[in-house]
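Q: For reference, this is final_25.cif, and it has mmCIF, C-alpha atoms.
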```cif
data_run
#
loop_
_atom_site.group_PDB
_atom_site.id
_atom_site.type_symbol
_atom_site.label_atom_id
_atom_site.label_comp_id
_atom_site.auth_asym_id
_atom_site.auth_seq_id
_atom_site.Cartn_x
_atom_site.Cartn_y
_atom_site.Cartn_z
ATOM 1 C CA MET A 1 32.710 -17.244 9.724
ATOM 2 C CA SER A 2 31.360 -16.555 6.298
ATOM 3 C CA ILE A 3 28.153 -17.845 4.824
ATOM 4 C CA ASN A 4 28.281 -19.069 1.277
ATOM 5 C CA TRP A 5 25.327 -17.115 -0.087
ATOM 6 C CA PHE A 6 25.829 -18.534 -3.553
ATOM 7 C CA LYS A 7 24.906 -21.949 -2.200
ATOM 8 C CA TYR A 8 21.294 -20.802 -1.986
ATOM 9 C CA SER A 9 21.437 -19.247 -5.414
ATOM 10 C CA SER A 10 21.098 -22.701 -6.913
ATOM 11 C CA PRO A 11 17.475 -23.712 -7.572
ATOM 12 C CA GLN A 12 18.124 -27.228 -6.322
ATOM 13 C CA THR A 13 19.017 -26.092 -2.802
ATOM 14 C CA PHE A 14 16.548 -23.210 -2.715
ATOM 15 C CA PHE A 15 13.509 -25.226 -3.838
ATOM 16 C CA PRO A 16 12.832 -26.984 -0.492
ATOM 17 C CA VAL A 17 13.691 -23.795 1.461
ATOM 18 C CA ALA A 18 11.111 -21.867 -0.600
ATOM 19 C CA GLY A 19 8.506 -24.517 0.200
ATOM 20 C CA ARG A 20 9.041 -24.177 3.937
ATOM 21 C CA LEU A 21 9.085 -20.352 3.731
ATOM 22 C CA ALA A 22 5.770 -20.394 1.833
ATOM 23 C CA LEU A 23 4.177 -22.524 4.546
ATOM 24 C CA VAL A 24 5.466 -20.446 7.474
ATOM 25 C CA PHE A 25 4.678 -17.054 5.932
ATOM 26 C CA GLY A 26 1.301 -18.252 4.633
ATOM 27 C CA ALA A 27 0.308 -19.167 8.198
ATOM 28 C CA LEU A 28 1.666 -15.865 9.547
ATOM 29 C CA ALA A 29 -0.269 -13.957 6.860
ATOM 30 C CA LEU A 30 -3.539 -15.629 7.905
ATOM 31 C CA LEU A 31 -2.936 -14.776 11.559
ATOM 32 C CA ALA A 32 -1.923 -11.177 10.872
ATOM 33 C CA CYS A 33 -4.835 -10.500 8.504
ATOM 34 C CA ALA A 34 -7.341 -11.990 10.974
ATOM 35 C CA ALA A 35 -5.929 -9.806 13.771
ATOM 36 C CA GLY A 36 -5.715 -6.738 11.507
ATOM 37 C CA LEU A 37 -9.312 -7.071 10.296
ATOM 38 C CA TYR A 38 -10.524 -7.573 13.865
ATOM 39 C CA LEU A 39 -8.741 -4.368 14.907
ATOM 40 C CA GLY A 40 -9.962 -2.576 11.806
ATOM 41 C CA PHE A 41 -13.636 -3.482 12.058
ATOM 42 C CA PHE A 42 -14.254 -4.100 15.759
ATOM 43 C CA VAL A 43 -11.735 -1.992 17.696
ATOM 44 C CA ALA A 44 -10.997 1.083 15.564
ATOM 45 C CA PRO A 45 -13.596 3.846 16.010
ATOM 46 C CA THR A 46 -15.679 5.554 13.336
ATOM 47 C CA ASP A 47 -13.819 8.425 11.668
ATOM 48 C CA ALA A 48 -15.186 11.826 12.645
ATOM 49 C CA GLN A 49 -15.041 13.211 9.094
ATOM 50 C CA GLN A 50 -15.301 10.204 6.803
ATOM 51 C CA GLY A 51 -17.626 7.930 8.786
ATOM 52 C CA GLU A 52 -17.144 4.239 8.029
ATOM 53 C CA SER A 53 -15.788 4.755 4.500
ATOM 54 C CA TYR A 54 -12.281 5.192 5.896
ATOM 55 C CA ARG A 55 -12.196 1.450 6.750
ATOM 56 C CA ILE A 56 -10.964 0.903 3.185
ATOM 57 C CA ILE A 57 -7.623 2.133 4.577
ATOM 58 C CA PHE A 58 -6.916 -1.293 6.092
ATOM 59 C CA ILE A 59 -6.347 -2.746 2.625
ATOM 60 C CA HIS A 60 -5.639 0.391 0.589
ATOM 61 C CA VAL A 61 -2.500 1.536 2.400
ATOM 62 C CA PRO A 62 -0.986 -1.956 2.876
ATOM 63 C CA ALA A 63 -1.620 -2.765 -0.817
ATOM 64 C CA ALA A 64 -0.057 0.533 -1.906
ATOM 65 C CA TRP A 65 3.016 -0.047 0.289
ATOM 66 C CA MET A 66 3.411 -3.581 -1.037
ATOM 67 C CA SER A 67 3.027 -2.421 -4.656
ATOM 68 C CA MET A 68 6.078 -0.177 -4.230
ATOM 69 C CA PHE A 69 8.089 -2.439 -1.929
ATOM 70 C CA LEU A 70 7.651 -5.471 -4.208
ATOM 71 C CA TYR A 71 8.785 -3.429 -7.205
ATOM 72 C CA PHE A 72 11.879 -2.401 -5.290
ATOM 73 C CA VAL A 73 12.673 -6.009 -4.360
ATOM 74 C CA MET A 74 11.971 -7.147 -7.931
ATOM 75 C CA ALA A 75 14.393 -4.548 -9.308
ATOM 76 C CA PHE A 76 16.944 -5.571 -6.648
ATOM 77 C CA TRP A 77 16.861 -9.224 -7.759
ATOM 78 C CA ALA A 78 16.885 -8.176 -11.410
ATOM 79 C CA GLY A 79 19.973 -6.024 -10.823
ATOM 80 C CA LEU A 80 21.665 -8.832 -8.887
ATOM 81 C CA GLY A 81 20.966 -11.160 -11.817
ATOM 82 C CA LEU A 82 22.562 -8.712 -14.252
ATOM 83 C CA ALA A 83 25.610 -8.248 -12.014
ATOM 84 C CA PHE A 84 26.319 -11.839 -10.947
ATOM 85 C CA ASN A 85 24.479 -13.795 -13.650
ATOM 86 C CA THR A 86 22.973 -16.102 -11.012
ATOM 87 C CA ARG A 87 20.115 -18.297 -12.209
ATOM 88 C CA LEU A 88 17.932 -17.772 -9.173
ATOM 89 C CA SER A 89 17.920 -13.948 -9.289
ATOM 90 C CA GLY A 90 15.996 -13.770 -12.545
ATOM 91 C CA MET A 91 13.561 -16.401 -11.299
ATOM 92 C CA MET A 92 12.898 -14.360 -8.157
ATOM 93 C CA ALA A 93 12.269 -11.190 -10.177
ATOM 94 C CA SER A 94 9.818 -13.049 -12.412
ATOM 95 C CA ALA A 95 8.137 -14.597 -9.373
ATOM 96 C CA ILE A 96 7.538 -11.191 -7.771
ATOM 97 C CA ALA A 97 6.034 -9.350 -10.770
ATOM 98 C CA PRO A 98 2.476 -10.838 -10.803
ATOM 99 C CA THR A 99 2.024 -10.388 -7.031
ATOM 100 C CA GLY A 100 3.330 -6.819 -7.327
ATOM 101 C CA ALA A 101 0.882 -6.128 -10.150
ATOM 102 C CA LEU A 102 -1.915 -7.644 -8.041
ATOM 103 C CA PHE A 103 -1.260 -5.286 -5.140
ATOM 104 C CA THR A 104 -0.884 -2.309 -7.477
ATOM 105 C CA PHE A 105 -4.287 -3.082 -8.957
ATOM 106 C CA ILE A 106 -5.797 -3.523 -5.465
ATOM 107 C CA ALA A 107 -4.331 -0.167 -4.395
ATOM 108 C CA LEU A 108 -5.865 1.535 -7.445
ATOM 109 C CA TRP A 109 -9.206 -0.263 -7.118
ATOM 110 C CA THR A 110 -9.664 0.442 -3.414
ATOM 111 C CA GLY A 111 -8.418 3.989 -3.946
ATOM 112 C CA SER A 112 -11.093 4.510 -6.560
ATOM 113 C CA LEU A 113 -13.811 3.139 -4.245
ATOM 114 C CA TRP A 114 -12.520 5.421 -1.499
ATOM 115 C CA GLY A 115 -12.144 8.438 -3.785
ATOM 116 C CA ARG A 116 -15.816 8.369 -4.763
ATOM 117 C CA PRO A 117 -17.190 9.069 -1.245
ATOM 118 C CA ALA A 118 -14.185 11.135 -0.084
ATOM 119 C CA TRP A 119 -13.539 13.339 -3.146
ATOM 120 C CA GLY A 120 -16.672 12.829 -5.231
ATOM 121 C CA THR A 121 -14.800 11.159 -8.074
ATOM 122 C CA TRP A 122 -13.662 7.637 -8.983
ATOM 123 C CA TRP A 123 -10.521 8.850 -10.683
ATOM 124 C CA VAL A 124 -8.467 11.984 -11.300
ATOM 125 C CA TRP A 125 -5.310 12.332 -13.375
ATOM 126 C CA ASP A 126 -3.285 13.708 -10.520
ATOM 127 C CA ALA A 127 0.329 12.916 -9.653
ATOM 128 C CA ARG A 128 -0.198 10.163 -7.047
ATOM 129 C CA LEU A 129 -2.853 8.244 -8.961
ATOM 130 C CA THR A 130 -1.149 8.573 -12.334
ATOM 131 C CA SER A 131 2.294 7.495 -11.069
ATOM 132 C CA GLU A 132 0.699 4.458 -9.364
ATOM 133 C CA LEU A 133 -1.016 3.587 -12.666
ATOM 134 C CA VAL A 134 2.388 3.869 -14.377
ATOM 135 C CA LEU A 135 3.676 1.332 -11.801
ATOM 136 C CA LEU A 136 0.928 -1.108 -12.872
ATOM 137 C CA PHE A 137 2.000 -0.674 -16.508
ATOM 138 C CA LEU A 138 5.649 -1.234 -15.505
ATOM 139 C CA TYR A 139 4.686 -4.583 -13.946
ATOM 140 C CA PHE A 140 2.607 -5.502 -17.025
ATOM 141 C CA GLY A 141 5.437 -4.384 -19.320
ATOM 142 C CA PHE A 142 7.942 -6.512 -17.381
ATOM 143 C CA MET A 143 5.705 -9.596 -17.594
ATOM 144 C CA ALA A 144 4.838 -9.049 -21.280
ATOM 145 C CA LEU A 145 8.489 -8.540 -22.220
ATOM 146 C CA GLN A 146 9.563 -11.719 -20.421
ATOM 147 C CA ALA A 147 6.698 -13.688 -21.949
ATOM 148 C CA ALA A 148 7.686 -12.509 -25.440
ATOM 149 C CA ILE A 149 11.268 -13.859 -25.240
ATOM 150 C CA ASP A 150 11.662 -17.643 -25.504
ATOM 151 C CA ASP A 151 15.128 -18.003 -23.968
ATOM 152 C CA PRO A 152 14.620 -17.528 -20.188
ATOM 153 C CA ARG A 153 18.131 -16.164 -19.605
ATOM 154 C CA ARG A 154 17.671 -13.500 -22.282
ATOM 155 C CA ALA A 155 14.167 -12.775 -20.968
ATOM 156 C CA ASP A 156 15.688 -12.220 -17.508
ATOM 157 C CA LYS A 157 18.228 -9.738 -18.868
ATOM 158 C CA ALA A 158 15.707 -7.757 -20.901
ATOM 159 C CA GLY A 159 13.257 -7.711 -17.996
ATOM 160 C CA ALA A 160 16.010 -6.627 -15.608
ATOM 161 C CA VAL A 161 16.828 -3.564 -17.704
ATOM 162 C CA LEU A 162 13.153 -2.574 -17.814
ATOM 163 C CA ALA A 163 12.754 -3.173 -14.059
ATOM 164 C CA LEU A 164 15.822 -1.061 -13.216
ATOM 165 C CA VAL A 165 14.781 1.846 -15.428
ATOM 166 C CA GLY A 166 11.290 1.726 -13.907
ATOM 167 C CA VAL A 167 12.658 2.230 -10.382
ATOM 168 C CA VAL A 168 12.535 5.946 -11.220
ATOM 169 C CA ASP A 169 8.754 5.753 -10.721
ATOM 170 C CA LEU A 170 9.053 4.776 -7.021
ATOM 171 C CA PRO A 171 10.298 8.126 -5.619
ATOM 172 C CA ILE A 172 7.837 9.870 -7.937
ATOM 173 C CA ILE A 173 4.941 7.927 -6.369
ATOM 174 C CA TYR A 174 6.245 8.418 -2.845
ATOM 175 C CA PHE A 175 6.946 12.149 -3.053
ATOM 176 C CA SER A 176 4.142 13.008 -5.491
ATOM 177 C CA VAL A 177 1.937 14.293 -2.663
ATOM 178 C CA GLN A 178 4.670 16.763 -1.680
ATOM 179 C CA TRP A 179 5.950 17.769 -5.109
ATOM 180 C CA TRP A 180 2.581 18.428 -6.711
ATOM 181 C CA ASN A 181 -0.766 19.761 -5.704
ATOM 182 C CA THR A 182 -2.894 16.648 -5.557
ATOM 183 C CA LEU A 183 -6.235 15.464 -4.233
ATOM 184 C CA HIS A 184 -4.479 12.624 -2.477
ATOM 185 C CA GLN A 185 -3.634 13.268 1.161
ATOM 186 C CA GLY A 186 -0.055 13.218 2.430
ATOM 187 C CA ALA A 187 1.492 10.301 4.283
ATOM 188 C CA SER A 188 -0.501 9.257 7.385
ATOM 189 C CA VAL A 189 2.608 7.744 8.935
ATOM 190 C CA SER A 190 6.110 9.167 8.784
ATOM 191 C CA LEU A 191 9.320 8.836 10.753
ATOM 192 C CA THR A 192 9.539 12.522 11.609
ATOM 193 C CA LYS A 193 5.986 13.360 12.689
ATOM 194 C CA ALA A 194 3.410 11.839 14.994
ATOM 195 C CA PRO A 195 0.859 9.754 13.061
ATOM 196 C CA THR A 196 -2.239 11.679 12.000
ATOM 197 C CA MET A 197 -4.691 8.973 13.027
ATOM 198 C CA ALA A 198 -6.112 7.256 16.114
ATOM 199 C CA ALA A 199 -3.862 4.651 17.719
ATOM 200 C CA THR A 200 -6.225 1.730 17.100
ATOM 201 C CA MET A 201 -6.676 2.704 13.435
ATOM 202 C CA LEU A 202 -2.921 2.862 13.063
ATOM 203 C CA ALA A 203 -2.477 -0.497 14.804
ATOM 204 C CA GLY A 204 -4.989 -2.179 12.469
ATOM 205 C CA MET A 205 -3.256 -0.698 9.431
ATOM 206 C CA LEU A 206 0.221 -1.747 10.554
ATOM 207 C CA VAL A 207 -0.900 -5.303 11.328
ATOM 208 C CA MET A 208 -2.517 -5.505 7.874
ATOM 209 C CA ILE A 209 0.733 -4.290 6.305
ATOM 210 C CA PHE A 210 2.511 -7.214 7.981
ATOM 211 C CA GLY A 211 -0.271 -9.546 6.811
ATOM 212 C CA PHE A 212 0.085 -8.432 3.171
ATOM 213 C CA TRP A 213 3.848 -8.582 3.478
ATOM 214 C CA PHE A 214 3.776 -12.168 4.756
ATOM 215 C CA TYR A 215 1.252 -13.128 2.081
ATOM 216 C CA SER A 216 3.524 -11.645 -0.598
ATOM 217 C CA ILE A 217 6.465 -13.704 0.630
ATOM 218 C CA ALA A 218 4.349 -16.883 0.585
ATOM 219 C CA ALA A 219 2.893 -16.223 -2.890
ATOM 220 C CA VAL A 220 6.289 -15.284 -4.345
ATOM 221 C CA MET A 221 7.878 -18.439 -2.905
ATOM 222 C CA LEU A 222 5.104 -20.613 -4.367
ATOM 223 C CA ARG A 223 5.558 -18.976 -7.772
ATOM 224 C CA ALA A 224 9.353 -19.226 -7.555
ATOM 225 C CA ARG A 225 8.937 -22.987 -7.016
ATOM 226 C CA CYS A 226 6.785 -23.222 -10.160
ATOM 227 C CA ILE A 227 9.358 -21.287 -12.177
ATOM 228 C CA MET A 228 12.203 -23.481 -10.874
ATOM 229 C CA LEU A 229 10.304 -26.633 -11.888
ATOM 230 C CA GLU A 230 9.501 -25.163 -15.318
ATOM 231 C CA ARG A 231 13.003 -24.001 -16.114
ATOM 232 C CA GLU A 232 14.854 -26.983 -14.654
ATOM 233 C CA ARG A 233 12.437 -29.636 -15.850
ATOM 234 C CA GLY A 234 15.209 -31.674 -17.487
ATOM 235 C CA SER A 235 17.253 -31.885 -14.270
ATOM 236 C CA GLU A 236 17.634 -34.800 -11.900
ATOM 237 C CA TRP A 237 16.261 -32.962 -8.825
ATOM 238 C CA ALA A 238 13.153 -31.710 -10.652
ATOM 239 C CA GLY A 239 12.428 -35.226 -11.870
ATOM 240 C CA GLN A 240 12.778 -36.612 -8.369
ATOM 241 C CA HIS A 241 10.478 -33.940 -6.981
ATOM 242 C CA ALA A 242 7.842 -34.492 -9.668
ATOM 243 C CA ARG A 243 7.797 -38.255 -9.060
ATOM 244 C CA GLY A 244 7.620 -37.661 -5.308
ATOM 245 C CA ALA A 245 4.727 -35.213 -5.713
ATOM 246 C CA ALA A 246 2.582 -37.839 -7.453
ATOM 247 C CA MET B 1 -16.530 -0.557 17.776
ATOM 248 C CA ASN B 2 -19.898 -2.172 18.520
ATOM 249 C CA TRP B 3 -22.068 -2.563 15.429
ATOM 250 C CA GLY B 4 -25.187 -3.762 17.257
ATOM 251 C CA SER B 5 -26.546 -5.839 14.389
ATOM 252 C CA LEU B 6 -25.404 -7.587 11.228
ATOM 253 C CA ASP B 7 -27.438 -5.121 9.147
ATOM 254 C CA ASN B 8 -25.532 -2.193 10.622
ATOM 255 C CA PHE B 9 -22.270 -3.991 10.001
ATOM 256 C CA LEU B 10 -23.135 -4.649 6.347
ATOM 257 C CA ALA B 11 -24.442 -1.118 5.830
ATOM 258 C CA MET B 12 -21.131 0.446 6.997
ATOM 259 C CA GLY B 13 -22.885 3.706 7.797
ATOM 260 C CA GLY B 14 -24.125 4.005 4.207
ATOM 261 C CA TYR B 15 -20.721 3.226 2.698
ATOM 262 C CA GLY B 16 -21.292 -0.552 2.360
ATOM 263 C CA LEU B 17 -20.875 -0.543 -1.422
ATOM 264 C CA TYR B 18 -17.486 1.155 -1.238
ATOM 265 C CA VAL B 19 -16.110 -0.723 1.766
ATOM 266 C CA TRP B 20 -17.338 -4.203 0.781
ATOM 267 C CA GLY B 21 -16.593 -3.538 -2.890
ATOM 268 C CA SER B 22 -12.974 -2.993 -1.849
ATOM 269 C CA TYR B 23 -12.733 -6.031 0.416
ATOM 270 C CA ALA B 24 -14.607 -8.412 -1.914
ATOM 271 C CA VAL B 25 -12.447 -7.639 -4.955
ATOM 272 C CA THR B 26 -9.262 -7.964 -2.872
ATOM 273 C CA LEU B 27 -10.387 -11.351 -1.517
ATOM 274 C CA VAL B 28 -11.398 -12.638 -4.969
ATOM 275 C CA LEU B 29 -8.109 -11.556 -6.559
ATOM 276 C CA ILE B 30 -6.001 -13.145 -3.812
ATOM 277 C CA ALA B 31 -8.036 -16.375 -4.070
ATOM 278 C CA ALA B 32 -7.572 -16.292 -7.858
ATOM 279 C CA GLU B 33 -3.809 -15.866 -7.481
ATOM 280 C CA LEU B 34 -3.589 -18.898 -5.170
ATOM 281 C CA ILE B 35 -5.768 -21.027 -7.497
ATOM 282 C CA LEU B 36 -3.637 -20.043 -10.510
ATOM 283 C CA LEU B 37 -0.467 -20.872 -8.545
ATOM 284 C CA GLY B 38 -1.839 -24.329 -7.712
ATOM 285 C CA ARG B 39 -2.722 -24.936 -11.358
ATOM 286 C CA ARG B 40 0.680 -23.732 -12.554
ATOM 287 C CA ARG B 41 2.399 -26.096 -10.124
ATOM 288 C CA ARG B 42 0.312 -29.083 -11.249
ATOM 289 C CA ASN B 43 1.096 -28.259 -14.895
ATOM 290 C CA ALA B 44 4.813 -27.965 -14.162
ATOM 291 C CA VAL B 45 4.886 -31.302 -12.318
ATOM 292 C CA GLY B 46 2.760 -32.925 -15.037
ATOM 293 C CA ARG B 47 5.123 -31.846 -17.805
ATOM 294 C CA ILE B 48 8.123 -33.351 -16.018
ATOM 295 C CA ARG B 49 6.471 -36.714 -15.475
#
```
Transcribe the structure of this file into structure tokens.
A:
Amino acid sequence: MSINWFKYSSPQTFFPVAGRLALVFGALALLACAAGLYLGFFVAPTDAQQGESYRIIFIHVPAAWMSMFLYFVMAFWAGLGLAFNTRLSGMMASAIAPTGALFTFIALWTGSLWGRPAWGTWWVWDARLTSELVLLFLYFGFMALQAAIDDPRRADKAGAVLALVGVVDLPIIYFSVQWWNTLHQGASVSLTKAPTMAATMLAGMLVMIFGFWFYSIAAVMLRARCIMLERERGSEWAGQHARGAA
Amino acid sequence: MNWGSLDNFLAMGGYGLYVWGSYAVTLVLIAAELILLGRRRRNAVGRIR
């Protein structure tokens, strides 16, 4: 049996699916974040070296993971759009960019507020911080480029090229703590070593990662629905939806 | 972790500014994104009708 994936690449069929996904993942995000914050603030112990300041980790690490993961998914959709010229792919890439930029900014902001007590500085131009800042500018560049081109199909293509070239920044961010001497600590969680933190701290962080992940799916689906309505506003299905949503 | 009192919880062992500064900005930005998404949707529907 084969599934016709292209069926869902039409905005008309994907629009109601996106609405249901947004609802389900929005609810899951609320649950996961409530559980994660409970673990983070009421179960996880005080850190022996950093005191309570380490509790920033429960948003800093999930936001940083999402900033990179969302860029990867955005570039994936952008590349798919270039290869197959499907309408939905470009819409998905555009829908992801603002949420990706949001989490990149949150990662930088919380990192700065953590860096002050931990390192004695709000900001240093070291490899990890600088490459994450470059990621923020890649998101902004993608959004600005798309906003500057009137024809949405051409905007998708131009944005896709930028997104694909920018993928180079992802391994640089990830491996920066190994390749260069930096203030930023290495990965707290890896597949090859035991985690370097208490089990309850780790649990809170992982649950928050799921929470941010679910939230991202919900927000991206909501934005994808907006983009579908905007780009297909002359179509029969969009008209029907708009009249129904009165 | 037992904080004992609300004051202790808010103080975060002297790191309240950093911890709550992180959480507050994150919450505000996520709320802003959802509000902007709602507005964008209303505008899109309004332009079709």
Q: For chain A, report every residue with an atom at most 9 Å from chain B (counting only C-alpha atoms), formatted as an MDAnalysis selection string.
A: chainID A and resid 41:46 51:56 59:60 98:99 102:103 106 109:114 116:117 219 222:223 225:227 229:230 233:234 238:239 241:243 245:246
Q: Identify the residues within 9 Å of coordinate (17.7, -4.3, -11.5) (same frame as the file), considering all atoms listed in the file, and give the answer as a PDB file with C-alpha atoms, in the frame of the given file.
A:
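The file below, result.pdb, is the result:
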```pdb
ATOM      1  CA  PHE A  72      11.879  -2.401  -5.290  1.00  0.00           C
ATOM      2  CA  VAL A  73      12.673  -6.009  -4.360  1.00  0.00           C
ATOM      3  CA  MET A  74      11.971  -7.147  -7.931  1.00  0.00           C
ATOM      4  CA  ALA A  75      14.393  -4.548  -9.308  1.00  0.00           C
ATOM      5  CA  PHE A  76      16.944  -5.571  -6.648  1.00  0.00           C
ATOM      6  CA  TRP A  77      16.861  -9.224  -7.759  1.00  0.00           C
ATOM      7  CA  ALA A  78      16.885  -8.176 -11.410  1.00  0.00           C
ATOM      8  CA  GLY A  79      19.973  -6.024 -10.823  1.00  0.00           C
ATOM      9  CA  LEU A  80      21.665  -8.832  -8.887  1.00  0.00           C
ATOM     10  CA  GLY A  81      20.966 -11.160 -11.817  1.00  0.00           C
ATOM     11  CA  LEU A  82      22.562  -8.712 -14.252  1.00  0.00           C
ATOM     12  CA  ALA A  83      25.610  -8.248 -12.014  1.00  0.00           C
ATOM     13  CA  ALA A  93      12.269 -11.190 -10.177  1.00  0.00           C
ATOM     14  CA  GLY A 159      13.257  -7.711 -17.996  1.00  0.00           C
ATOM     15  CA  ALA A 160      16.010  -6.627 -15.608  1.00  0.00           C
ATOM     16  CA  VAL A 161      16.828  -3.564 -17.704  1.00  0.00           C
ATOM     17  CA  LEU A 162      13.153  -2.574 -17.814  1.00  0.00           C
ATOM     18  CA  ALA A 163      12.754  -3.173 -14.059  1.00  0.00           C
ATOM     19  CA  LEU A 164      15.822  -1.061 -13.216  1.00  0.00           C
ATOM     20  CA  VAL A 165      14.781   1.846 -15.428  1.00  0.00           C
ATOM     21  CA  VAL A 167      12.658   2.230 -10.382  1.00  0.00           C
TER      22      VAL A 167
END
```
Q: One number please: atom CA of Leu108 of chain A to atom CA of Met201 of chain A, in Å, one decimal.
A: 20.9 Å
Q: So how far away is atom CA of Phe212 of chain A from atom CA of His184 of chain A, in Å?
A: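 Going from atom CA of His184 of chain A over to atom CA of Phe212 of chain A, I get 22.3 Å.
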Q: Skipping near chain neighbours, those fewer than 4 positions away, what residues fall within 12 Å of Ala144 of chain A using all atoms listed in the file, listed as a VMD selection string?
A: chain A and resid 94 97 to 98 137 to 140 148 to 150 155 to 156 158 to 159 162
Q: Since the input is missing atoms for segment 116-128 of chain A, could you rebuild it with N, CA and C atoms and give the result as a compact mmCIF listing (two decimals), keeping the file's coordinate frame?
A:
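In the end it all went to part01.txt:
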```
# COMPACT_ATOMS: atom_id res chain seq x y z
N ARG A 116 -14.43 7.98 -4.45
CA ARG A 116 -15.82 8.37 -4.76
C ARG A 116 -16.51 9.03 -3.56
N PRO A 117 -16.56 8.37 -2.38
CA PRO A 117 -17.19 9.07 -1.25
C PRO A 117 -16.35 10.22 -0.68
N ALA A 118 -15.02 10.12 -0.74
CA ALA A 118 -14.18 11.14 -0.08
C ALA A 118 -14.01 12.38 -0.95
N TRP A 119 -13.82 12.20 -2.27
CA TRP A 119 -13.54 13.34 -3.15
C TRP A 119 -14.66 13.62 -4.13
N GLY A 120 -15.61 12.66 -4.25
CA GLY A 120 -16.67 12.83 -5.23
C GLY A 120 -16.28 12.38 -6.63
N THR A 121 -15.18 11.65 -6.75
CA THR A 121 -14.80 11.16 -8.07
C THR A 121 -14.09 9.81 -7.96
N TRP A 122 -14.32 8.95 -8.98
CA TRP A 122 -13.66 7.64 -8.98
C TRP A 122 -12.19 7.77 -9.33
N TRP A 123 -11.88 8.77 -10.15
CA TRP A 123 -10.52 8.85 -10.68
C TRP A 123 -10.19 10.28 -11.05
N VAL A 124 -8.97 10.72 -10.75
CA VAL A 124 -8.47 11.98 -11.30
C VAL A 124 -7.05 11.73 -11.81
N TRP A 125 -6.66 12.48 -12.83
CA TRP A 125 -5.31 12.33 -13.38
C TRP A 125 -4.35 13.21 -12.58
N ASP A 126 -4.24 12.91 -11.30
CA ASP A 126 -3.28 13.71 -10.52
C ASP A 126 -2.02 12.89 -10.29
N ALA A 127 -1.01 13.50 -9.67
CA ALA A 127 0.33 12.92 -9.65
C ALA A 127 0.37 11.55 -8.97
N ARG A 128 -0.27 11.41 -7.80
CA ARG A 128 -0.20 10.16 -7.05
C ARG A 128 -0.88 9.03 -7.80
```
